[in-house]
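Here the structure comes first, spelled out in structure tokens, and everything after it is commentary.
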Protein chains: 2
Amino acid sequence: MPVKSKLKRRSGCPVSIALEEVGDRWSLLVIRDLMVRGFRTFKDFQESGEGIATNILADRLRKLEAAGIITLEKDEADKRRVNYRLTEKGIDLAPVLLEMLIWSVRYEETAAPCAVIAQMAENRTTVLAEVRRRWVERDPTPLLPKFGENT
Amino acid sequence: MPVKSKLKRRSGCPVSIALEEVGDRWSLLVIRDLMVRGFRTFKDFQESGEGIATNILADRLRKLEAAGIITLEKDEADKRRVNYRLTEKGIDLAPVLLEMLIWSVRYEETAAPCAVIAQMAENRTTVLAEVRRRWVERDPTPLLPKFGENT
DNA sequence: ATTGTTACTTGCATTACGCAAGTAAACTTG
DNA sequence: CAAGTTTACTTGCGTAATGCAAGTAACAAT
């Protein structure tokens, strides 16, 4: 189910194309928050602790929507509210994020408990299944807590 | 074997930390080229077809070295030449790149043959073992060709 | 009716990037 | 061995992206 885009690509290399969509400091963090922290609204992201500027956040949400990675849903109960949600394409970035997580914990001093992540590295398939289950069922319970925020 | 760094991090989240090191449009492409295309020198990257500017390339190589992802080796035969090489930390980004590749081929119109990548998705472990083997043995034979360059 | 909340936009200073050109050291060629 | 070439960069400069503070419009709560 590939989607045609602006056709202004550096090359046809898949990795290059992927990086044009999510290769920046913020996009994958937004996706991570939608995926494992149960974030839904603009406010959630603003307060995530990483300190993304609101203009950048708005821009990234727009681009991720344009790329077909997230969708917008108006909240019927509170009409100011916009709920962001990963698409199938978006949730399928889970393996990328998981590998990045495992790599980072292995080589950096992170705030994540090594034991928990080591456990996840052992059971990649199970973790991915759980991530997808939450997505399908719209279960907003965070899979992982916020590690070492700096507020 | 985590390495201490500048301690100017947005947060302690592993994904966030990883993105501070390789979360831009170019770093992972450089790593990809070292990993699967047998690139070694500055020139190789310049001519890779994606069109990275030399100042940006120099900057990225410096940052990747600072992050412990690549190392420099002076060529004894030709002393102008600098050979860049992935460290263990660098080669361990292979799973991230592989998942990104698989994702991209699935959702974008890339220049990579779907069948080949589907095959790789079936045999992730084998592919990763082969990537590592080439790294250990310093075998510069490209694992994958250049897909759809735009020159 | 007033105040607060949500999802943004706008303006402006700073930083990063992209492009063309330049340079220094090492090698190669005549 | 002088002159050109290759390699790995750096420098300058214009444009684009980012970060920060403030503002706004629509809706909701009191």
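Simple scheme: letters A, B, ... for chains in structure tokens order, numbers from 1 for residues in each chain, numbers from 1 for ligands in the order shown.
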Counting only C-alpha atoms, give me one row per residue of chain A with an atom at most 6 Å from an atom of chain B, showing the shortest contact pair and its distance in Å to one decimal, sorted by chain then residue number, as JSON lines.
{"residue": "A:Met1", "atom": "CA", "partner": "B:Tyr107", "partner_atom": "CA", "distance": 5.8}
{"residue": "A:Pro2", "atom": "CA", "partner": "B:Tyr107", "partner_atom": "CA", "distance": 4.3}
{"residue": "A:Val3", "atom": "CA", "partner": "B:Glu108", "partner_atom": "CA", "distance": 5.8}
{"residue": "A:Arg10", "atom": "CA", "partner": "B:Glu50", "partner_atom": "CA", "distance": 5.4}
{"residue": "A:Ser11", "atom": "CA", "partner": "B:Glu149", "partner_atom": "CA", "distance": 5.1}
{"residue": "A:Gly12", "atom": "CA", "partner": "B:Ala111", "partner_atom": "CA", "distance": 4.7}
{"residue": "A:Cys13", "atom": "CA", "partner": "B:Phe147", "partner_atom": "CA", "distance": 5.2}
{"residue": "A:Pro14", "atom": "CA", "partner": "B:Ser104", "partner_atom": "CA", "distance": 5.3}
{"residue": "A:Val15", "atom": "CA", "partner": "B:Leu101", "partner_atom": "CA", "distance": 5.3}
{"residue": "A:Ala18", "atom": "CA", "partner": "B:Ser104", "partner_atom": "CA", "distance": 5.6}
{"residue": "A:Leu19", "atom": "CA", "partner": "B:Arg25", "partner_atom": "CA", "distance": 5.7}
{"residue": "A:Gly23", "atom": "CA", "partner": "B:Asp24", "partner_atom": "CA", "distance": 5.0}
{"residue": "A:Asp24", "atom": "CA", "partner": "B:Asp24", "partner_atom": "CA", "distance": 4.5}
{"residue": "A:Arg25", "atom": "CA", "partner": "B:Gly23", "partner_atom": "CA", "distance": 5.1}
{"residue": "A:Glu50", "atom": "CA", "partner": "B:Arg10", "partner_atom": "CA", "distance": 5.4}
{"residue": "A:Val96", "atom": "CA", "partner": "B:Glu99", "partner_atom": "CA", "distance": 5.2}
{"residue": "A:Glu99", "atom": "CA", "partner": "B:Val96", "partner_atom": "CA", "distance": 5.2}
{"residue": "A:Met100", "atom": "CA", "partner": "B:Val96", "partner_atom": "CA", "distance": 5.8}
{"residue": "A:Leu101", "atom": "CA", "partner": "B:Val15", "partner_atom": "CA", "distance": 5.3}
{"residue": "A:Ser104", "atom": "CA", "partner": "B:Pro14", "partner_atom": "CA", "distance": 5.3}
{"residue": "A:Val105", "atom": "CA", "partner": "B:Pro14", "partner_atom": "CA", "distance": 6.0}
{"residue": "A:Tyr107", "atom": "CA", "partner": "B:Pro2", "partner_atom": "CA", "distance": 4.3}
{"residue": "A:Glu108", "atom": "CA", "partner": "B:Pro2", "partner_atom": "CA", "distance": 4.4}
{"residue": "A:Glu109", "atom": "CA", "partner": "B:Pro2", "partner_atom": "CA", "distance": 5.5}
{"residue": "A:Thr110", "atom": "CA", "partner": "B:Gly12", "partner_atom": "CA", "distance": 5.1}
{"residue": "A:Ala111", "atom": "CA", "partner": "B:Gly12", "partner_atom": "CA", "distance": 4.7}
{"residue": "A:Phe147", "atom": "CA", "partner": "B:Cys13", "partner_atom": "CA", "distance": 5.2}
{"residue": "A:Gly148", "atom": "CA", "partner": "B:Gly12", "partner_atom": "CA", "distance": 4.7}
{"residue": "A:Glu149", "atom": "CA", "partner": "B:Ser11", "partner_atom": "CA", "distance": 5.1}
{"residue": "A:Asn150", "atom": "CA", "partner": "B:Ser11", "partner_atom": "CA", "distance": 5.7}
I'd like the superposed copy of chain A - fitted to chain B by least squares over all paired Cα atoms - as a short mmCIF file (atom, residue, chain, number, x, y, z; two decimals) with N, CA and C atoms, in the first residue's frame.
data_model
loop_
_atom_site.label_atom_id
_atom_site.label_comp_id
_atom_site.auth_asym_id
_atom_site.auth_seq_id
_atom_site.Cartn_x
_atom_site.Cartn_y
_atom_site.Cartn_z
N MET A 1 28.54 -1.04 28.18
CA MET A 1 29.64 -0.13 27.88
C MET A 1 29.16 1.28 27.50
N PRO A 2 28.31 1.85 28.33
CA PRO A 2 27.78 3.18 28.03
C PRO A 2 28.88 4.23 28.21
N VAL A 3 28.80 5.26 27.40
CA VAL A 3 29.79 6.33 27.43
C VAL A 3 29.14 7.63 27.92
N LYS A 4 29.84 8.29 28.80
CA LYS A 4 29.34 9.56 29.29
C LYS A 4 29.42 10.61 28.18
N SER A 5 28.46 11.51 28.07
CA SER A 5 28.57 12.57 27.06
C SER A 5 28.27 13.92 27.68
N LYS A 6 28.06 14.91 26.83
CA LYS A 6 27.96 16.30 27.23
C LYS A 6 26.90 16.63 28.28
N LEU A 7 26.01 15.65 28.50
CA LEU A 7 25.01 15.86 29.54
C LEU A 7 24.10 17.07 29.28
N LYS A 8 23.82 17.33 28.03
CA LYS A 8 22.91 18.42 27.69
C LYS A 8 21.67 17.83 27.04
N ARG A 9 21.15 16.82 27.65
CA ARG A 9 20.09 16.06 27.02
C ARG A 9 18.71 16.60 27.32
N ARG A 10 17.84 16.42 26.34
CA ARG A 10 16.46 16.86 26.49
C ARG A 10 15.77 16.08 27.58
N SER A 11 16.11 14.80 27.66
CA SER A 11 15.53 13.94 28.69
C SER A 11 16.36 12.68 28.77
N GLY A 12 16.03 11.83 29.70
CA GLY A 12 16.78 10.59 29.85
C GLY A 12 16.23 9.46 29.01
N CYS A 13 15.18 9.76 28.25
CA CYS A 13 14.57 8.71 27.43
C CYS A 13 15.54 8.20 26.39
N PRO A 14 15.72 6.88 26.33
CA PRO A 14 16.68 6.27 25.41
C PRO A 14 16.44 6.68 23.96
N VAL A 15 15.19 6.70 23.57
CA VAL A 15 14.88 7.05 22.18
C VAL A 15 15.31 8.49 21.90
N SER A 16 15.04 9.35 22.84
CA SER A 16 15.43 10.75 22.69
C SER A 16 16.94 10.89 22.58
N ILE A 17 17.66 10.16 23.40
CA ILE A 17 19.12 10.20 23.37
C ILE A 17 19.65 9.68 22.04
N ALA A 18 19.07 8.58 21.58
CA ALA A 18 19.48 8.03 20.28
C ALA A 18 19.25 9.04 19.17
N LEU A 19 18.13 9.74 19.23
CA LEU A 19 17.81 10.71 18.19
C LEU A 19 18.74 11.91 18.23
N GLU A 20 19.26 12.20 19.41
CA GLU A 20 20.23 13.30 19.47
C GLU A 20 21.54 12.92 18.77
N GLU A 21 21.82 11.64 18.68
CA GLU A 21 23.05 11.21 18.02
C GLU A 21 22.87 10.94 16.53
N VAL A 22 21.79 10.31 16.17
CA VAL A 22 21.63 9.93 14.76
C VAL A 22 20.31 10.42 14.15
N GLY A 23 19.61 11.28 14.89
CA GLY A 23 18.31 11.75 14.41
C GLY A 23 18.41 12.95 13.50
N ASP A 24 18.91 12.76 12.33
CA ASP A 24 18.93 13.84 11.34
C ASP A 24 18.90 13.20 9.97
N ARG A 25 18.89 14.03 8.97
CA ARG A 25 18.70 13.52 7.62
C ARG A 25 19.90 12.75 7.07
N TRP A 26 21.07 12.90 7.66
CA TRP A 26 22.28 12.37 7.02
C TRP A 26 23.01 11.27 7.79
N SER A 27 23.04 11.35 9.10
CA SER A 27 23.88 10.43 9.89
C SER A 27 23.62 8.96 9.56
N LEU A 28 22.36 8.58 9.52
CA LEU A 28 22.07 7.17 9.28
C LEU A 28 22.40 6.75 7.85
N LEU A 29 22.41 7.71 6.94
CA LEU A 29 22.81 7.38 5.56
C LEU A 29 24.30 7.08 5.50
N VAL A 30 25.08 7.87 6.25
CA VAL A 30 26.52 7.62 6.32
C VAL A 30 26.76 6.23 6.92
N ILE A 31 26.02 5.95 7.98
CA ILE A 31 26.16 4.65 8.65
C ILE A 31 25.75 3.52 7.71
N ARG A 32 24.66 3.73 6.99
CA ARG A 32 24.22 2.73 6.01
C ARG A 32 25.30 2.45 4.98
N ASP A 33 25.93 3.51 4.49
CA ASP A 33 26.95 3.35 3.46
C ASP A 33 28.17 2.61 3.97
N LEU A 34 28.53 2.88 5.22
CA LEU A 34 29.64 2.14 5.83
C LEU A 34 29.26 0.69 6.04
N MET A 35 27.99 0.48 6.35
CA MET A 35 27.52 -0.85 6.75
C MET A 35 27.31 -1.79 5.56
N VAL A 36 26.60 -1.32 4.54
CA VAL A 36 26.21 -2.25 3.48
C VAL A 36 26.73 -1.90 2.09
N ARG A 37 27.39 -0.73 1.97
CA ARG A 37 27.88 -0.41 0.63
C ARG A 37 29.40 -0.38 0.54
N GLY A 38 30.05 -0.73 1.64
CA GLY A 38 31.50 -0.82 1.60
C GLY A 38 32.22 0.51 1.46
N PHE A 39 31.57 1.61 1.82
CA PHE A 39 32.23 2.91 1.75
C PHE A 39 33.30 3.00 2.82
N ARG A 40 34.39 3.69 2.48
CA ARG A 40 35.47 3.86 3.45
C ARG A 40 35.95 5.30 3.53
N THR A 41 35.91 6.02 2.42
CA THR A 41 36.55 7.35 2.38
C THR A 41 35.56 8.50 2.19
N PHE A 42 36.03 9.68 2.48
CA PHE A 42 35.28 10.91 2.30
C PHE A 42 34.71 11.01 0.88
N LYS A 43 35.57 10.70 -0.06
CA LYS A 43 35.18 10.75 -1.47
C LYS A 43 34.01 9.83 -1.75
N ASP A 44 34.05 8.63 -1.20
CA ASP A 44 32.96 7.67 -1.41
C ASP A 44 31.62 8.30 -1.06
N PHE A 45 31.57 8.97 0.07
CA PHE A 45 30.32 9.57 0.53
C PHE A 45 29.89 10.72 -0.37
N GLN A 46 30.86 11.54 -0.74
CA GLN A 46 30.57 12.67 -1.62
C GLN A 46 29.89 12.22 -2.89
N GLU A 47 30.34 11.09 -3.40
CA GLU A 47 29.85 10.62 -4.70
C GLU A 47 28.70 9.63 -4.57
N SER A 48 28.16 9.51 -3.37
CA SER A 48 27.15 8.47 -3.13
C SER A 48 25.85 8.73 -3.88
N GLY A 49 25.71 9.90 -4.49
CA GLY A 49 24.51 10.14 -5.28
C GLY A 49 23.44 10.91 -4.53
N GLU A 50 23.51 10.89 -3.20
CA GLU A 50 22.50 11.59 -2.42
C GLU A 50 22.79 13.09 -2.34
N GLY A 51 24.03 13.44 -2.66
CA GLY A 51 24.39 14.85 -2.71
C GLY A 51 24.57 15.53 -1.37
N ILE A 52 25.31 14.92 -0.49
CA ILE A 52 25.60 15.58 0.78
C ILE A 52 26.69 16.62 0.57
N ALA A 53 26.50 17.80 1.14
CA ALA A 53 27.51 18.85 1.02
C ALA A 53 28.74 18.46 1.84
N THR A 54 29.90 18.87 1.37
CA THR A 54 31.13 18.43 2.02
C THR A 54 31.27 18.96 3.45
N ASN A 55 30.79 20.17 3.70
CA ASN A 55 30.88 20.70 5.06
C ASN A 55 29.99 19.91 6.01
N ILE A 56 28.82 19.55 5.54
CA ILE A 56 27.90 18.76 6.36
C ILE A 56 28.48 17.36 6.59
N LEU A 57 29.02 16.80 5.54
CA LEU A 57 29.64 15.48 5.67
C LEU A 57 30.75 15.49 6.71
N ALA A 58 31.63 16.49 6.60
CA ALA A 58 32.73 16.60 7.56
C ALA A 58 32.19 16.73 8.98
N ASP A 59 31.14 17.54 9.11
CA ASP A 59 30.52 17.74 10.42
C ASP A 59 29.93 16.44 10.97
N ARG A 60 29.22 15.71 10.13
CA ARG A 60 28.60 14.46 10.58
C ARG A 60 29.65 13.42 10.95
N LEU A 61 30.70 13.33 10.15
CA LEU A 61 31.75 12.37 10.47
C LEU A 61 32.38 12.71 11.82
N ARG A 62 32.57 13.98 12.06
CA ARG A 62 33.13 14.42 13.34
C ARG A 62 32.20 14.05 14.50
N LYS A 63 30.91 14.33 14.32
CA LYS A 63 29.96 14.03 15.39
C LYS A 63 29.80 12.53 15.62
N LEU A 64 29.81 11.76 14.54
CA LEU A 64 29.68 10.32 14.70
C LEU A 64 30.90 9.74 15.40
N GLU A 65 32.05 10.34 15.12
CA GLU A 65 33.26 9.90 15.81
C GLU A 65 33.16 10.26 17.30
N ALA A 66 32.71 11.48 17.56
CA ALA A 66 32.56 11.92 18.95
C ALA A 66 31.59 11.03 19.71
N ALA A 67 30.58 10.53 19.00
CA ALA A 67 29.58 9.67 19.63
C ALA A 67 30.07 8.23 19.74
N GLY A 68 31.24 7.95 19.22
CA GLY A 68 31.78 6.59 19.29
C GLY A 68 31.13 5.62 18.34
N ILE A 69 30.58 6.14 17.25
CA ILE A 69 29.89 5.28 16.28
C ILE A 69 30.81 4.91 15.13
N ILE A 70 31.75 5.78 14.81
CA ILE A 70 32.76 5.46 13.80
C ILE A 70 34.16 5.80 14.33
N THR A 71 35.16 5.24 13.68
CA THR A 71 36.55 5.60 13.99
C THR A 71 37.27 6.00 12.71
N LEU A 72 38.37 6.75 12.86
CA LEU A 72 39.20 7.11 11.73
C LEU A 72 40.44 6.24 11.73
N GLU A 73 40.86 5.83 10.56
CA GLU A 73 42.13 5.12 10.43
C GLU A 73 42.89 5.72 9.27
N LYS A 74 44.11 6.16 9.55
CA LYS A 74 44.94 6.68 8.47
C LYS A 74 45.36 5.52 7.58
N ASP A 75 45.28 5.75 6.30
CA ASP A 75 45.71 4.72 5.35
C ASP A 75 47.24 4.78 5.25
N GLU A 76 47.89 3.66 5.48
CA GLU A 76 49.35 3.66 5.46
C GLU A 76 49.91 3.72 4.04
N ALA A 77 49.19 3.13 3.12
CA ALA A 77 49.64 3.11 1.72
C ALA A 77 49.55 4.51 1.10
N ASP A 78 48.43 5.16 1.31
CA ASP A 78 48.23 6.51 0.76
C ASP A 78 47.87 7.44 1.91
N LYS A 79 48.80 8.26 2.31
CA LYS A 79 48.62 9.00 3.56
C LYS A 79 47.66 10.18 3.48
N ARG A 80 47.15 10.50 2.32
CA ARG A 80 46.09 11.50 2.25
C ARG A 80 44.80 10.89 2.74
N ARG A 81 44.69 9.59 2.51
CA ARG A 81 43.44 8.87 2.69
C ARG A 81 43.11 8.59 4.15
N VAL A 82 41.88 8.84 4.51
CA VAL A 82 41.37 8.48 5.83
C VAL A 82 40.31 7.40 5.63
N ASN A 83 40.46 6.31 6.32
CA ASN A 83 39.44 5.28 6.24
C ASN A 83 38.51 5.36 7.45
N TYR A 84 37.25 5.50 7.18
CA TYR A 84 36.26 5.50 8.25
C TYR A 84 35.76 4.10 8.45
N ARG A 85 35.47 3.78 9.69
CA ARG A 85 35.01 2.44 9.99
C ARG A 85 34.01 2.47 11.15
N LEU A 86 33.00 1.64 11.09
CA LEU A 86 32.05 1.56 12.18
C LEU A 86 32.69 0.92 13.39
N THR A 87 32.33 1.41 14.55
CA THR A 87 32.70 0.72 15.78
C THR A 87 31.65 -0.36 16.07
N GLU A 88 31.85 -1.06 17.14
CA GLU A 88 30.86 -2.04 17.59
C GLU A 88 29.51 -1.36 17.82
N LYS A 89 29.57 -0.20 18.45
CA LYS A 89 28.36 0.57 18.67
C LYS A 89 27.70 0.93 17.34
N GLY A 90 28.51 1.25 16.36
CA GLY A 90 28.00 1.60 15.04
C GLY A 90 27.37 0.42 14.33
N ILE A 91 28.05 -0.70 14.33
CA ILE A 91 27.52 -1.87 13.62
C ILE A 91 26.24 -2.36 14.29
N ASP A 92 26.12 -2.08 15.58
CA ASP A 92 24.91 -2.49 16.30
C ASP A 92 23.69 -1.64 15.95
N LEU A 93 23.87 -0.67 15.08
CA LEU A 93 22.70 0.05 14.56
C LEU A 93 22.05 -0.71 13.40
N ALA A 94 22.66 -1.82 13.01
CA ALA A 94 22.13 -2.60 11.89
C ALA A 94 20.65 -2.96 12.04
N PRO A 95 20.21 -3.42 13.22
CA PRO A 95 18.78 -3.75 13.35
C PRO A 95 17.87 -2.54 13.12
N VAL A 96 18.29 -1.39 13.58
CA VAL A 96 17.50 -0.18 13.38
C VAL A 96 17.36 0.10 11.89
N LEU A 97 18.48 0.07 11.18
CA LEU A 97 18.46 0.34 9.74
C LEU A 97 17.66 -0.72 8.99
N LEU A 98 17.81 -1.96 9.42
CA LEU A 98 17.08 -3.03 8.74
C LEU A 98 15.57 -2.84 8.89
N GLU A 99 15.13 -2.53 10.09
CA GLU A 99 13.69 -2.31 10.31
C GLU A 99 13.19 -1.10 9.53
N MET A 100 14.04 -0.09 9.45
CA MET A 100 13.67 1.10 8.70
C MET A 100 13.53 0.78 7.20
N LEU A 101 14.45 -0.02 6.74
CA LEU A 101 14.42 -0.46 5.34
C LEU A 101 13.14 -1.23 5.04
N ILE A 102 12.83 -2.18 5.90
CA ILE A 102 11.65 -3.01 5.69
C ILE A 102 10.38 -2.17 5.71
N TRP A 103 10.33 -1.24 6.67
CA TRP A 103 9.16 -0.36 6.78
C TRP A 103 8.99 0.49 5.53
N SER A 104 10.09 1.05 5.10
CA SER A 104 10.04 1.97 3.96
C SER A 104 9.60 1.25 2.69
N VAL A 105 10.14 0.08 2.47
CA VAL A 105 9.79 -0.67 1.25
C VAL A 105 8.31 -1.04 1.29
N ARG A 106 7.82 -1.26 2.50
CA ARG A 106 6.42 -1.65 2.63
C ARG A 106 5.47 -0.50 2.32
N TYR A 107 5.85 0.71 2.70
CA TYR A 107 4.90 1.82 2.61
C TYR A 107 5.23 2.88 1.58
N GLU A 108 6.41 2.86 1.03
CA GLU A 108 6.77 3.89 0.06
C GLU A 108 7.06 3.25 -1.29
N GLU A 109 7.04 4.08 -2.29
CA GLU A 109 7.49 3.62 -3.59
C GLU A 109 8.98 3.85 -3.69
N THR A 110 9.73 2.84 -3.39
CA THR A 110 11.17 2.98 -3.39
C THR A 110 11.74 2.32 -4.64
N ALA A 111 13.04 2.50 -4.80
CA ALA A 111 13.70 1.90 -5.95
C ALA A 111 14.21 0.49 -5.63
N ALA A 112 13.97 0.04 -4.42
CA ALA A 112 14.45 -1.28 -4.04
C ALA A 112 13.46 -2.36 -4.49
N PRO A 113 13.97 -3.47 -4.94
CA PRO A 113 13.10 -4.57 -5.35
C PRO A 113 12.41 -5.19 -4.13
N CYS A 114 11.10 -5.11 -4.10
CA CYS A 114 10.31 -5.59 -2.96
C CYS A 114 10.64 -7.03 -2.60
N ALA A 115 10.80 -7.84 -3.61
CA ALA A 115 11.03 -9.28 -3.38
C ALA A 115 12.30 -9.49 -2.54
N VAL A 116 13.35 -8.78 -2.90
CA VAL A 116 14.61 -8.93 -2.18
C VAL A 116 14.45 -8.54 -0.72
N ILE A 117 13.76 -7.42 -0.50
CA ILE A 117 13.60 -6.95 0.87
C ILE A 117 12.67 -7.86 1.66
N ALA A 118 11.61 -8.33 1.00
CA ALA A 118 10.70 -9.27 1.66
C ALA A 118 11.48 -10.48 2.14
N GLN A 119 12.38 -10.92 1.30
CA GLN A 119 13.27 -12.04 1.63
C GLN A 119 14.10 -11.71 2.88
N MET A 120 14.61 -10.48 2.91
CA MET A 120 15.41 -10.05 4.05
C MET A 120 14.56 -9.98 5.32
N ALA A 121 13.31 -9.56 5.17
CA ALA A 121 12.41 -9.46 6.31
C ALA A 121 12.13 -10.85 6.90
N GLU A 122 12.16 -11.84 6.05
CA GLU A 122 11.94 -13.21 6.51
C GLU A 122 13.14 -13.73 7.29
N ASN A 123 14.32 -13.25 6.90
CA ASN A 123 15.55 -13.79 7.48
C ASN A 123 16.36 -12.72 8.18
N ARG A 124 15.74 -11.94 8.99
CA ARG A 124 16.43 -10.85 9.68
C ARG A 124 17.73 -11.31 10.33
N THR A 125 17.65 -12.39 11.07
CA THR A 125 18.83 -12.86 11.81
C THR A 125 20.00 -13.15 10.89
N THR A 126 19.70 -13.83 9.80
CA THR A 126 20.75 -14.17 8.83
C THR A 126 21.36 -12.91 8.23
N VAL A 127 20.51 -11.98 7.86
CA VAL A 127 20.99 -10.73 7.27
C VAL A 127 21.91 -10.01 8.25
N LEU A 128 21.47 -9.92 9.49
CA LEU A 128 22.27 -9.21 10.49
C LEU A 128 23.60 -9.92 10.74
N ALA A 129 23.56 -11.24 10.72
CA ALA A 129 24.79 -12.01 10.91
C ALA A 129 25.76 -11.73 9.76
N GLU A 130 25.22 -11.65 8.57
CA GLU A 130 26.05 -11.38 7.39
C GLU A 130 26.65 -9.97 7.44
N VAL A 131 25.84 -9.01 7.84
CA VAL A 131 26.33 -7.64 7.98
C VAL A 131 27.48 -7.59 8.97
N ARG A 132 27.31 -8.27 10.07
CA ARG A 132 28.35 -8.28 11.10
C ARG A 132 29.60 -9.02 10.62
N ARG A 133 29.40 -10.09 9.91
CA ARG A 133 30.54 -10.86 9.39
C ARG A 133 31.41 -9.99 8.51
N ARG A 134 30.76 -9.24 7.61
CA ARG A 134 31.50 -8.35 6.71
C ARG A 134 32.25 -7.29 7.50
N TRP A 135 31.64 -6.85 8.57
CA TRP A 135 32.28 -5.84 9.40
C TRP A 135 33.51 -6.41 10.09
N VAL A 136 33.33 -7.58 10.70
CA VAL A 136 34.44 -8.23 11.41
C VAL A 136 35.60 -8.51 10.46
N GLU A 137 35.27 -9.03 9.30
CA GLU A 137 36.31 -9.42 8.34
C GLU A 137 36.75 -8.27 7.45
N ARG A 138 36.21 -7.09 7.67
CA ARG A 138 36.52 -5.92 6.84
C ARG A 138 36.31 -6.20 5.37
N ASP A 139 35.28 -6.95 5.11
CA ASP A 139 34.94 -7.29 3.72
C ASP A 139 34.15 -6.12 3.13
N PRO A 140 34.72 -5.44 2.15
CA PRO A 140 34.08 -4.24 1.63
C PRO A 140 33.06 -4.50 0.53
N THR A 141 32.82 -5.74 0.18
CA THR A 141 31.84 -6.03 -0.86
C THR A 141 30.47 -5.52 -0.44
N PRO A 142 29.85 -4.70 -1.28
CA PRO A 142 28.52 -4.20 -0.91
C PRO A 142 27.52 -5.33 -0.73
N LEU A 143 26.77 -5.24 0.34
CA LEU A 143 25.70 -6.21 0.59
C LEU A 143 24.51 -5.88 -0.28
N LEU A 144 24.26 -4.59 -0.40
CA LEU A 144 23.17 -4.12 -1.25
C LEU A 144 23.74 -3.12 -2.25
N PRO A 145 23.21 -3.11 -3.45
CA PRO A 145 23.65 -2.12 -4.42
C PRO A 145 22.99 -0.78 -4.12
N LYS A 146 23.36 0.20 -4.88
CA LYS A 146 22.73 1.52 -4.78
C LYS A 146 21.38 1.45 -5.48
N PHE A 147 20.31 1.76 -4.74
CA PHE A 147 18.98 1.73 -5.35
C PHE A 147 18.63 3.09 -5.95
N GLY A 148 18.33 3.09 -7.22
CA GLY A 148 17.78 4.29 -7.87
C GLY A 148 18.44 5.60 -7.53
N GLU A 149 19.69 5.70 -7.82
CA GLU A 149 20.36 6.98 -7.61
C GLU A 149 19.79 7.98 -8.62
N ASN A 150 20.03 9.26 -8.34
CA ASN A 150 19.44 10.27 -9.21
C ASN A 150 20.47 11.10 -9.97
N THR A 151 21.54 10.48 -10.37
CA THR A 151 22.58 11.22 -11.12
C THR A 151 22.40 11.02 -12.61
#
At most 9 Å to chain B: residues in chain C, only C-alpha atoms (C1' of nucleotides), as a VMD selection string:
chain C and resid 17 to 19 25 to 27
Keeping only C-alpha atoms (C1' of nucleotides), write those residues as a PDB file, in the first residue's frame.
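Full text of out31.pdb as output:
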ATOM      1  C1'  DC C  17      21.999  23.642   6.023  1.00  0.00           C
ATOM      2  C1'  DG C  18      23.190  23.905   0.978  1.00  0.00           C
ATOM      3  C1'  DC C  19      26.203  25.557  -2.454  1.00  0.00           C
ATOM      4  C1'  DA C  25      49.056  17.956   2.329  1.00  0.00           C
ATOM      5  C1'  DA C  26      50.144  13.876  -0.078  1.00  0.00           C
ATOM      6  C1'  DC C  27      50.750  11.517  -4.292  1.00  0.00           C
TER       7       DC C  27
END
Quick one: contact table of chain D to chain B, 10 Å max, nearest atom pair and distance in Å to one decimal per residue, counting only C-alpha atoms (C1' of nucleotides), chain and number order, as a tab-separated table?
residue	atom	partner	partner_atom	distance
D:DT6	C1'	B:Arg80	CA	8.8
D:DT7	C1'	B:Arg80	CA	5.8
D:DA8	C1'	B:Phe42	CA	6.7
D:DC9	C1'	B:Ala58	CA	7.2
D:DT10	C1'	B:Asn55	CA	7.7
D:DT11	C1'	B:Asn55	CA	9.7
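Separating atom C1' of DT15 of chain C from atom C1' of DG23 of chain D is a distance of 24.4 Å.
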Please return as a ChimeraX atom specification: the residues of chain B that backbone DSSP assigns to strand (DSSP E or B).
/B:3,70-74,82-86,108
Could you write out the selected residues, including N, CA and C atoms, as a short mmCIF file (atom, residue, chain, number, x, y, z; two decimals), in the first residue's frame?
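Output contents, as saved in selection.cif:
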data_model
loop_
_atom_site.label_atom_id
_atom_site.label_comp_id
_atom_site.auth_asym_id
_atom_site.auth_seq_id
_atom_site.Cartn_x
_atom_site.Cartn_y
_atom_site.Cartn_z
N VAL B 3 28.88 5.30 27.35
CA VAL B 3 29.86 6.37 27.39
C VAL B 3 29.20 7.66 27.89
N ILE B 70 31.74 5.78 14.81
CA ILE B 70 32.76 5.45 13.81
C ILE B 70 34.15 5.80 14.35
N THR B 71 35.14 5.25 13.68
CA THR B 71 36.53 5.61 14.00
C THR B 71 37.26 6.01 12.72
N LEU B 72 38.36 6.75 12.88
CA LEU B 72 39.19 7.12 11.76
C LEU B 72 40.43 6.24 11.77
N GLU B 73 40.85 5.83 10.60
CA GLU B 73 42.12 5.13 10.49
C GLU B 73 42.90 5.73 9.34
N LYS B 74 44.11 6.16 9.63
CA LYS B 74 44.95 6.69 8.56
C LYS B 74 45.38 5.52 7.67
N VAL B 82 41.91 8.89 4.60
CA VAL B 82 41.38 8.51 5.90
C VAL B 82 40.33 7.44 5.69
N ASN B 83 40.47 6.34 6.37
CA ASN B 83 39.45 5.31 6.28
C ASN B 83 38.52 5.39 7.48
N TYR B 84 37.26 5.52 7.18
CA TYR B 84 36.27 5.54 8.24
C TYR B 84 35.74 4.12 8.43
N ARG B 85 35.46 3.81 9.69
CA ARG B 85 34.99 2.45 9.98
C ARG B 85 34.01 2.50 11.13
N LEU B 86 33.00 1.66 11.07
CA LEU B 86 32.04 1.57 12.17
C LEU B 86 32.69 0.93 13.38
N GLU B 108 6.34 2.85 1.08
CA GLU B 108 6.70 3.87 0.10
C GLU B 108 6.99 3.23 -1.24
#
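For DG30 of chain C, the set of protein, DNA and RNA residues having any atom at most 12 Å away, when counting only C-alpha atoms (C1' of nucleotides) and skipping those fewer than 4 positions along the same chain, is D:DC1, D:DA2, D:DA3, D:DG4.
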Between atom C1' of DA25 of chain D and atom C1' of DC12 of chain C, what distance in Å does the model show, to one decimal?
22.5 Å
